[in-house]
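Let me begin by presenting the structure, written as structure tokens, before commenting on it.
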Amino acid sequence: MDDSRGDIVYRMARPETLKITHLDSFTAVYHRASGITHLVTSPVPEILAALGEAGMRRVDLMARLSVDYLLGDADEAALDARLDELVTAGLVAVA
């Protein structure tokens, strides 16, 4: 896998900019900056929780998720795609 993004640190958007509400199998994430409410399912809430404010690199995030959850089919490309989507939505920032 191309690891050209290996040094990028991903962080959840500042907590004061998000309102997160769990709704059964969905999670509503209201992004105050854009005024958009995102309805998401797994693995998005888990990714946001793992990243937190401190943030981490993708490889560390994959390792953390693998410890916390049974990821028999862990796929770095799929995680990259989710991270890209979350960055585009403003729910995750890069450093």
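Labels used: A, B, ... for chains in the order of the structure tokens, numbers from 1 for residues in each chain, and numbers from 1 for ligands as shown.
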
Quiz item: Can you list, as a PyMOL selection string, every protein, DNA or RNA residue that comes within 12 Å of Ile36 (chain A) when you count only C-alpha atoms, leaving out same-chain residues fewer than 5 positions away?
Solution: chain A and resi 17-19+28-31+89-91

Write to file, as a tab-separated table (two decimals), in the first residue's frame, the residues of the selection just made, with N, CA, C and O atoms.
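Output file result-v9.tsv is given in full below:
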```
chain	number	residue	atom	x	y	z
A	17	THR	N	-17.49	22.28	17.92
A	17	THR	CA	-18.11	22.46	16.60
A	17	THR	C	-19.02	21.30	16.22
A	17	THR	O	-19.66	21.36	15.18
A	18	LEU	N	-19.06	20.26	17.07
A	18	LEU	CA	-19.87	19.08	16.77
A	18	LEU	C	-20.87	18.80	17.89
A	18	LEU	O	-20.56	18.97	19.07
A	19	LYS	N	-22.03	18.37	17.52
A	19	LYS	CA	-23.03	17.86	18.47
A	19	LYS	C	-23.34	16.44	18.01
A	19	LYS	O	-23.86	16.23	16.91
A	28	ALA	N	-26.26	10.85	14.74
A	28	ALA	CA	-26.42	12.16	14.11
A	28	ALA	C	-25.25	13.03	14.57
A	28	ALA	O	-24.99	13.15	15.77
A	29	VAL	N	-24.56	13.61	13.60
A	29	VAL	CA	-23.44	14.50	13.91
A	29	VAL	C	-23.77	15.86	13.30
A	29	VAL	O	-23.76	16.01	12.07
A	30	TYR	N	-24.10	16.81	14.16
A	30	TYR	CA	-24.40	18.16	13.70
A	30	TYR	C	-23.09	18.94	13.69
A	30	TYR	O	-22.40	19.06	14.70
A	31	HIS	N	-22.74	19.45	12.51
A	31	HIS	CA	-21.52	20.23	12.32
A	31	HIS	C	-21.90	21.70	12.32
A	31	HIS	O	-22.46	22.22	11.36
A	89	ALA	N	-16.19	16.44	4.74
A	89	ALA	CA	-17.39	16.87	5.47
A	89	ALA	C	-17.07	17.85	6.60
A	89	ALA	O	-17.97	18.46	7.16
A	90	GLY	N	-15.79	17.98	6.93
A	90	GLY	CA	-15.40	18.90	8.00
A	90	GLY	C	-15.45	18.27	9.39
A	90	GLY	O	-15.26	18.95	10.39
A	91	LEU	N	-15.72	16.96	9.46
A	91	LEU	CA	-15.80	16.29	10.75
A	91	LEU	C	-14.44	15.87	11.27
A	91	LEU	O	-14.27	15.59	12.46
```

Quiz item: Would you give me, as number ranges by chain, the residues in chain A that DSSP reads as helix (DSSP H, G or I)?
Solution: A: 15-17, 44-51, 58-68, 76-89

Quiz prompt | Close residues, Ala63 (chain A) itself excluded, 12 Å, only C-alpha atoms, min 4 positions apart in chain, as a count of residues only | solution = 16

Quiz item: Taking only C-alpha atoms into account, which of A:Val9, A:Pro45, A:Gly35, A:Arg64 comes nearest Leu23 (chain A)?
Solution: A:Pro45

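CA of Ile8 (chain A) is found 26.0 Å from CA of Leu39 (chain A).
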
Quiz prompt | Contacts of Gly52 (chain A) within 9 Å, only C-alpha atoms, excl. fewer than 3 positions in-chain, as a ChimeraX atom specification | solution = /A:11-15,47-49,55-56

Quiz item: Do you have the CA of Tyr10 (chain A)-CA of Val92 (chain A) distance handy?
Solution: 6.6 Å
